[in-house]
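Asks: There's a structure below that I have some questions on.
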Amino acid sequence: MNNTKTAVVVIPTYNEAEVIGDMIDHLFGKVFPKIPNWQIHLLIVDDTSPDGTYKIVEKKQKQYPNLHLYLNKEKMGIGWAYVVGFRYAIKQLKADVLIEFDADFQHPPKDIPILLAKIDEGYDYVLGSRKIEGGLNPKGWGFKRVFFSEVGGLVARLVLFFPGKSFFKITDPTTGLKASRVEGFVDQIDMDNLYSYKFGYKLEFLYRMVTLGAKVAEIPLRFGLRTKGESKISSNTAKDIFRTVSLLRWHDPATQSFLKFGVVGFAGYLVNAISLAIFSRSGWAEWLAWLFSTELAIISNFTWNNLWTFVDKKFTRTIDLIKKFVQFNLTSAGALIIQTVTGTLLTSFFGPQYRQIYLPLIIVFLVLPYNWLMYNKIIWKIKKT
Ligand SMILES: Nc1nc2c(ncn2[C@@H]2O[C@H](COP(=O)(O)OP(=O)(O)OP(=O)(O)O)[C@@H](O)[C@H]2O)c(=O)[nH]1
Ligand SMILES: [Mg+2]
């Protein structure tokens, strides 16, 4: 039985004639022979570079049988190059793992065996990071490039993942050095409908891999300075990254339910505020007015969250509705206590004239976070099958 797995290193190129020959020789001569437990192919995706990069690749193909060339007719962008390259690698070369790599020696070739060793350890997605111990950006970068790399990376992480655990775990979201497992991950990504086929594809693949539950590892990346050829990074790159991460976050199912949860919560607040005003004007005891108006808000929240916010996990059978409503009241008891106690306390400290200010403050800072947690972890928790 042959257990050797196949890795395909994909290098997109546009006008890299100055470096591509050296890179091919270096990889086949010095790097791939050091990885005997993997069958390795090198796939160059060139956009018919005017400087004739692909002609150099064609020549080298006579020397290296595992060297492949995919030629696009015109400049299509780095994301598109990876999409066609990945498809080719999966279909024609039967890739188990895909490695993203630059032509210009900024990614140290000696990192390739390190990426694959992590895959061997059981990780699904291995990222070269410039931000962890041992990694760095080129010393020669000017202020602007460093600024864009640092701020861009942070904004991308924030928009994509905050406050999820990936925000803390993934330190360098715009990195271009990666190894991705195909089965169960890359083969699940709909590459026909990406938001970006330019630089933003990097963030999109990152988001999809993480969402698919990939086990992620980072290795330090000492990103070198480009010494030959020209940079393809343009002023549009930052815009493309921001646009892509914003679209991904906006369409994230959790974002959509959070927005609905906000609307439902606001409706609950109105129910709460109006009934509080009515009850307290009717001369009810302070605590009783808070208690009953809050319970009315709870009933409103339960109904609309079930029908709208968590519609894909909605319960309809009467028995479930009763059970869940009881459960909802129990978790809401926490909210009820928080509101009743803080509301009563605030009123007794600062006076009843600010009552309608305490309520929204209590809701936004205490009740909202608490409820979101309870709804997702307890009430509308998806049962893993
Ligand atoms: N096929 C193809 N390859 C591209 C395109 N844009 C960039 N590339 C390749 O993608 C890799 C990364 O691009 P670079 O310009 O080096 O980007 P970078 O490393 O972030 O920027 P520098 O530090 O300035 O080099 C290189 O191998 C480029 O030749 C494109 O539109 N089509
Ligand atoms: Mg580069």
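Please note that chains go A, B, ... in the order of the structure tokens, that every chain numbers its residues from 1, and that ligands are numbered from 1 in the order shown.
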Residues within 7 Å of ligand 2 (only C-alpha atoms and all ligand atoms), as a VMD selection string?

Replies: chain A and resid 102 104 106 226 231

Asks: Please dump the current selection as a PDB file, in the first residue's frame; keep N, CA and C atoms.

Replies:
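Output file part.pdb is given in full below:
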```
ATOM      1  N   ASP A 102       5.012  32.371  -2.589  1.00  0.00           N
ATOM      2  CA  ASP A 102       5.363  33.470  -3.504  1.00  0.00           C
ATOM      3  C   ASP A 102       6.600  33.116  -4.329  1.00  0.00           C
ATOM      4  N   ASP A 104       8.943  35.252  -5.226  1.00  0.00           N
ATOM      5  CA  ASP A 104      10.051  36.209  -5.106  1.00  0.00           C
ATOM      6  C   ASP A 104      10.994  35.957  -3.919  1.00  0.00           C
ATOM      7  N   GLN A 106      10.401  35.790  -0.882  1.00  0.00           N
ATOM      8  CA  GLN A 106      10.044  36.419   0.403  1.00  0.00           C
ATOM      9  C   GLN A 106       9.596  35.358   1.401  1.00  0.00           C
ATOM     10  N   ARG A 226      11.725  41.874  -0.877  1.00  0.00           N
ATOM     11  CA  ARG A 226      11.768  41.530  -2.307  1.00  0.00           C
ATOM     12  C   ARG A 226      13.015  42.176  -2.901  1.00  0.00           C
ATOM     13  N   SER A 231       6.871  44.685  -7.005  1.00  0.00           N
ATOM     14  CA  SER A 231       5.737  44.394  -6.130  1.00  0.00           C
ATOM     15  C   SER A 231       4.424  44.554  -6.893  1.00  0.00           C
TER      16      SER A 231
END
```

Asks: Show me, as a PyMOL selection string, the residues that have an atom within 9 Å of segment 74-84 of chain A when counting only C-alpha atoms, minus same-chain residues fewer than 4 positions from it.

Replies: chain A and resi 10-14+45-49+70+88-89+100+191-192+196-202

Asks: Would you mind exporting C-alpha atoms of the selected residues as a PDB file, in the first residue's frame?

Replies:
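Once everything was written out, this is out.pdb:
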```pdb
ATOM      1  CA  VAL A  10       1.150  26.638  -5.974  1.00  0.00           C
ATOM      2  CA  ILE A  11       3.043  29.763  -7.025  1.00  0.00           C
ATOM      3  CA  PRO A  12       1.142  32.493  -8.859  1.00  0.00           C
ATOM      4  CA  THR A  13       3.371  34.630 -11.026  1.00  0.00           C
ATOM      5  CA  TYR A  14       3.103  37.891 -12.849  1.00  0.00           C
ATOM      6  CA  VAL A  45      -0.003  29.801 -12.387  1.00  0.00           C
ATOM      7  CA  ASP A  46       1.084  32.550 -14.738  1.00  0.00           C
ATOM      8  CA  ASP A  47      -1.101  35.242 -16.302  1.00  0.00           C
ATOM      9  CA  THR A  48       0.818  35.183 -19.584  1.00  0.00           C
ATOM     10  CA  SER A  49       3.335  37.591 -18.085  1.00  0.00           C
ATOM     11  CA  TYR A  70      -1.290  26.733 -15.755  1.00  0.00           C
ATOM     12  CA  TYR A  88      -6.030  21.942 -11.163  1.00  0.00           C
ATOM     13  CA  ALA A  89      -4.055  20.620  -8.200  1.00  0.00           C
ATOM     14  CA  GLU A 100       0.487  28.870  -1.122  1.00  0.00           C
ATOM     15  CA  MET A 191     -14.593  28.842  -5.241  1.00  0.00           C
ATOM     16  CA  ASP A 192     -17.050  30.031  -7.907  1.00  0.00           C
ATOM     17  CA  SER A 196     -12.619  38.734  -4.042  1.00  0.00           C
ATOM     18  CA  TYR A 197     -10.413  37.190  -6.686  1.00  0.00           C
ATOM     19  CA  LYS A 198      -7.646  39.629  -5.858  1.00  0.00           C
ATOM     20  CA  PHE A 199      -5.672  39.895  -2.614  1.00  0.00           C
ATOM     21  CA  GLY A 200      -8.852  39.632  -0.531  1.00  0.00           C
ATOM     22  CA  TYR A 201      -9.150  35.925  -1.421  1.00  0.00           C
ATOM     23  CA  LYS A 202      -6.550  35.316   1.326  1.00  0.00           C
TER      24      LYS A 202
END
```

Asks: Here is a test: counting only C-alpha atoms and all ligand atoms, which residue of A:Gly176, A:Gly351, A:Gly152, A:Gly262 is nearest to ligand 1?

Replies: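 Closest residue, counting only C-alpha atoms and all ligand atoms: A:Gly176.
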
Asks: For atom CA of Leu345 of chain A and atom CA of Val264 of chain A, determine how far apart the two atoms are, in Å to one decimal place.

Replies: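 One can read the atom CA of Leu345 of chain A to atom CA of Val264 of chain A distance as 26.4 Å.
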
Asks: Which residues are near Thr344 of chain A? Cut-off 9 Å, only C-alpha atoms, ignore same chain within fewer than 5 positions. Put them as JSON, numbers by chain.

Replies: {"A": [286, 287, 290, 339, 349]}

Asks: If we count only C-alpha atoms, what is near Asn376 of chain A at a cut-off of 12 Å, once residues fewer than 4 positions away on the same chain are taken out, given as a PDB file with C-alpha atoms, in the first residue's frame?

Replies:
```
ATOM      1  CA  ALA A 254     -23.957  34.751  13.620  1.00  0.00           C
ATOM      2  CA  SER A 257     -28.778  36.577  14.119  1.00  0.00           C
ATOM      3  CA  PHE A 258     -27.022  39.081  16.351  1.00  0.00           C
ATOM      4  CA  PHE A 261     -31.427  39.658  18.350  1.00  0.00           C
ATOM      5  CA  ASN A 305     -36.358  35.200  18.839  1.00  0.00           C
ATOM      6  CA  ASN A 306     -37.905  31.820  18.194  1.00  0.00           C
ATOM      7  CA  THR A 309     -33.661  35.375  15.165  1.00  0.00           C
ATOM      8  CA  PHE A 310     -33.130  31.637  15.480  1.00  0.00           C
ATOM      9  CA  LYS A 313     -33.334  26.308  15.043  1.00  0.00           C
ATOM     10  CA  PHE A 328     -36.106  30.591  28.861  1.00  0.00           C
ATOM     11  CA  THR A 331     -32.199  31.733  32.209  1.00  0.00           C
ATOM     12  CA  PRO A 369     -24.409  40.167  26.678  1.00  0.00           C
ATOM     13  CA  TYR A 370     -25.911  37.822  29.242  1.00  0.00           C
ATOM     14  CA  ASN A 371     -28.892  36.951  27.036  1.00  0.00           C
ATOM     15  CA  TRP A 372     -26.845  36.439  23.865  1.00  0.00           C
ATOM     16  CA  TRP A 380     -31.218  27.680  20.855  1.00  0.00           C
ATOM     17  CA  LYS A 381     -28.139  25.507  21.082  1.00  0.00           C
ATOM     18  CA  ILE A 382     -27.708  23.301  18.018  1.00  0.00           C
ATOM     19  CA  LYS A 383     -27.446  19.679  18.973  1.00  0.00           C
TER      20      LYS A 383
END
```

Asks: So what do you get for atom CA of Ala103 of chain A versus atom CA of Ala179 of chain A, distance-wise?

Replies: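 Going from atom CA of Ala103 of chain A over to atom CA of Ala179 of chain A covers 15.8 Å.
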
Asks: One decimal, in Å: what's the spacing between atom CA of Leu296 of chain A and atom CA of Pro360 of chain A?

Replies: 15.8 Å

Asks: Choose the residue, out of A:Glu230, A:Pro220, A:Gly142, A:Leu67, that has the smallest atom-to-atom separation from ligand 1; count only C-alpha atoms and all ligand atoms.

Replies: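 The shortest atom-to-atom distance to ligand 1 comes from A:Glu230.
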
Asks: Just the alpha helix (DSSP H) stuff from segment 225-304 of chain A, please, per backbone DSSP, written as a PyMOL selection string.

Replies: chain A and resi 235-250+253-281+286-304

Asks: Which is closer to ligand 1 than all the others in A:Gly229, A:Gly134, A:Pro163, A:Pro113, using only C-alpha atoms and all ligand atoms?

Replies: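 Checking each candidate against ligand 1, we get A:Gly229 as the closest.
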
Asks: Which residues are close to Asp124 of chain A, i.e. within 8 Å by only C-alpha atoms, leaving aside same-chain residues fewer than 4 positions away? Reply as a PyMOL selection string.

Replies: chain A and resi 119+179-181+185+214-216

Asks: Keeping only N, CA and C atoms, take the residues you just selected and write them out as an mmCIF file, in the first residue's frame.

Replies:
```cif
data_model
loop_
_atom_site.group_PDB
_atom_site.id
_atom_site.type_symbol
_atom_site.label_atom_id
_atom_site.label_comp_id
_atom_site.auth_asym_id
_atom_site.auth_seq_id
_atom_site.Cartn_x
_atom_site.Cartn_y
_atom_site.Cartn_z
ATOM 1 N N ILE A 119 1.200 19.596 9.215
ATOM 2 C CA ILE A 119 0.071 18.836 8.657
ATOM 3 C C ILE A 119 0.169 17.388 9.129
ATOM 4 N N ALA A 179 -0.410 26.293 4.320
ATOM 5 C CA ALA A 179 -0.692 24.943 3.853
ATOM 6 C C ALA A 179 -2.119 24.609 4.263
ATOM 7 N N SER A 180 -2.910 24.089 3.313
ATOM 8 C CA SER A 180 -4.314 23.797 3.589
ATOM 9 C C SER A 180 -4.640 22.350 3.245
ATOM 10 N N ARG A 181 -5.334 21.692 4.141
ATOM 11 C CA ARG A 181 -5.794 20.332 3.861
ATOM 12 C C ARG A 181 -6.976 20.401 2.899
ATOM 13 N N PHE A 185 -12.025 20.380 3.749
ATOM 14 C CA PHE A 185 -11.792 21.816 3.914
ATOM 15 C C PHE A 185 -11.799 22.549 2.564
ATOM 16 N N ALA A 214 -11.353 24.065 10.753
ATOM 17 C CA ALA A 214 -9.973 23.611 10.581
ATOM 18 C C ALA A 214 -9.178 23.806 11.863
ATOM 19 N N LYS A 215 -8.321 22.827 12.139
ATOM 20 C CA LYS A 215 -7.395 22.947 13.263
ATOM 21 C C LYS A 215 -6.215 23.778 12.766
ATOM 22 N N VAL A 216 -6.024 24.956 13.366
ATOM 23 C CA VAL A 216 -5.064 25.925 12.841
ATOM 24 C C VAL A 216 -3.764 25.929 13.648
#
```

Asks: Would you give me, as a list in words, the residues in segment 217-324 of chain A that DSSP reads as strand (DSSP E or B)?

Replies: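 Listing strand (DSSP E or B) positions across segment 217-324 of chain A yields Ala217, Glu218, Ile219, Pro220 and Arg222 of chain A.
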
Asks: Output N, CA and C atoms for every residue in the selection just made, as a PDB file, in the first residue's frame.

Replies:
```pdb
ATOM      1  N   ALA A 217      -2.635  25.976  12.933  1.00  0.00           N
ATOM      2  CA  ALA A 217      -1.343  26.161  13.601  1.00  0.00           C
ATOM      3  C   ALA A 217      -0.621  27.317  12.917  1.00  0.00           C
ATOM      4  N   GLU A 218       0.166  28.049  13.697  1.00  0.00           N
ATOM      5  CA  GLU A 218       0.989  29.097  13.108  1.00  0.00           C
ATOM      6  C   GLU A 218       2.463  28.725  13.259  1.00  0.00           C
ATOM      7  N   ILE A 219       3.236  29.013  12.221  1.00  0.00           N
ATOM      8  CA  ILE A 219       4.684  28.863  12.325  1.00  0.00           C
ATOM      9  C   ILE A 219       5.293  30.236  12.070  1.00  0.00           C
ATOM     10  N   PRO A 220       6.454  30.529  12.673  1.00  0.00           N
ATOM     11  CA  PRO A 220       7.045  31.856  12.457  1.00  0.00           C
ATOM     12  C   PRO A 220       7.471  32.043  11.011  1.00  0.00           C
ATOM     13  N   ARG A 222       9.712  34.570   8.683  1.00  0.00           N
ATOM     14  CA  ARG A 222      10.606  35.715   8.495  1.00  0.00           C
ATOM     15  C   ARG A 222      10.459  36.160   7.057  1.00  0.00           C
TER      16      ARG A 222
END
```

Asks: When you count only C-alpha atoms and all ligand atoms, which of these residues is closest to ligand 1: A:Pro109, A:Gly164, A:Gly268, A:Gly85?

Replies: A:Gly85

Asks: Give the answer as one residue: which of A:Phe105, A:Tyr269, A:Phe315, A:Tyr123 has the shortest atom-to-atom distance to ligand 1, using only C-alpha atoms and all ligand atoms?

Replies: A:Phe105

Asks: Select, from A:Trp308, A:Phe223, A:Phe167, A:Tyr125, the residue with the minimum atom-to-atom distance to ligand 1, counting only C-alpha atoms and all ligand atoms.

Replies: A:Phe223

Asks: Extract, using only C-alpha atoms, all DNA, RNA and protein residues at most 12 Å from Asp22 of chain A, discarding same-chain residues fewer than 5 positions from it, and format them as a list of chain:residue names.

Replies: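 Here the qualifying residues turn out to be A:Glu16, A:Ala17, A:Leu27, A:Phe28, A:Gly29, A:Lys30, A:Thr53, A:Ile56, A:Val57, A:Lys60, A:Ala103, A:Asp104, A:Phe105, A:Pro109, A:Lys228.
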
Asks: Those residues you just picked out, can you put them in a file as a short mmCIF file (atom, residue, chain, number, x, y, z; two decimals), in the first residue's frame with N, CA and C atoms?

Replies:
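So result.cif came out as:
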```
data_model
loop_
_atom_site.label_atom_id
_atom_site.label_comp_id
_atom_site.auth_asym_id
_atom_site.auth_seq_id
_atom_site.Cartn_x
_atom_site.Cartn_y
_atom_site.Cartn_z
N GLU A 16 7.63 37.58 -13.16
CA GLU A 16 8.63 37.11 -12.21
C GLU A 16 9.77 36.39 -12.94
N ALA A 17 10.05 36.80 -14.17
CA ALA A 17 11.09 36.13 -14.97
C ALA A 17 12.46 36.17 -14.28
N LEU A 27 13.76 24.78 -5.32
CA LEU A 27 12.77 23.88 -4.71
C LEU A 27 13.03 22.42 -5.09
N PHE A 28 13.25 22.16 -6.38
CA PHE A 28 13.47 20.77 -6.80
C PHE A 28 14.85 20.26 -6.37
N GLY A 29 15.84 21.19 -6.31
CA GLY A 29 17.19 20.75 -5.97
C GLY A 29 17.42 20.62 -4.48
N LYS A 30 16.92 21.59 -3.71
CA LYS A 30 17.32 21.64 -2.30
C LYS A 30 16.20 21.33 -1.31
N THR A 53 7.67 35.02 -18.17
CA THR A 53 7.88 34.10 -17.04
C THR A 53 7.53 32.66 -17.43
N ILE A 56 10.06 30.48 -19.26
CA ILE A 56 11.10 29.89 -18.42
C ILE A 56 10.56 28.61 -17.77
N VAL A 57 9.31 28.69 -17.32
CA VAL A 57 8.71 27.51 -16.69
C VAL A 57 8.62 26.37 -17.70
N LYS A 60 11.90 24.68 -18.04
CA LYS A 60 12.26 23.88 -16.86
C LYS A 60 11.44 22.59 -16.78
N ALA A 103 6.69 33.74 -5.51
CA ALA A 103 7.81 33.45 -6.42
C ALA A 103 9.09 34.17 -6.00
N ASP A 104 8.94 35.25 -5.23
CA ASP A 104 10.05 36.21 -5.11
C ASP A 104 10.99 35.96 -3.92
N PHE A 105 10.98 34.75 -3.36
CA PHE A 105 11.86 34.36 -2.24
C PHE A 105 11.55 35.11 -0.95
N PRO A 109 11.99 29.16 1.34
CA PRO A 109 11.66 27.81 0.88
C PRO A 109 11.82 26.74 1.96
N LYS A 228 14.27 41.25 -6.15
CA LYS A 228 14.18 41.31 -7.60
C LYS A 228 12.73 41.38 -8.03
#
```

Asks: So which residues touch Leu158 of chain A within 12 Å, counting only C-alpha atoms, skipping near sequence neighbours fewer than 2 positions away, as a list in words?

Replies: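 Residues near the query, excluding close chain neighbours: Val151, Gly152, Gly153, Leu154, Val155, Ala156, Leu160, Phe161, Phe162, Pro163, Gly164, Lys165, Ser166, Phe167, Phe168, Lys169, Ile170, Thr171, Asp172, Pro173, Phe242, Val245, Ser246 and Arg249 of chain A.
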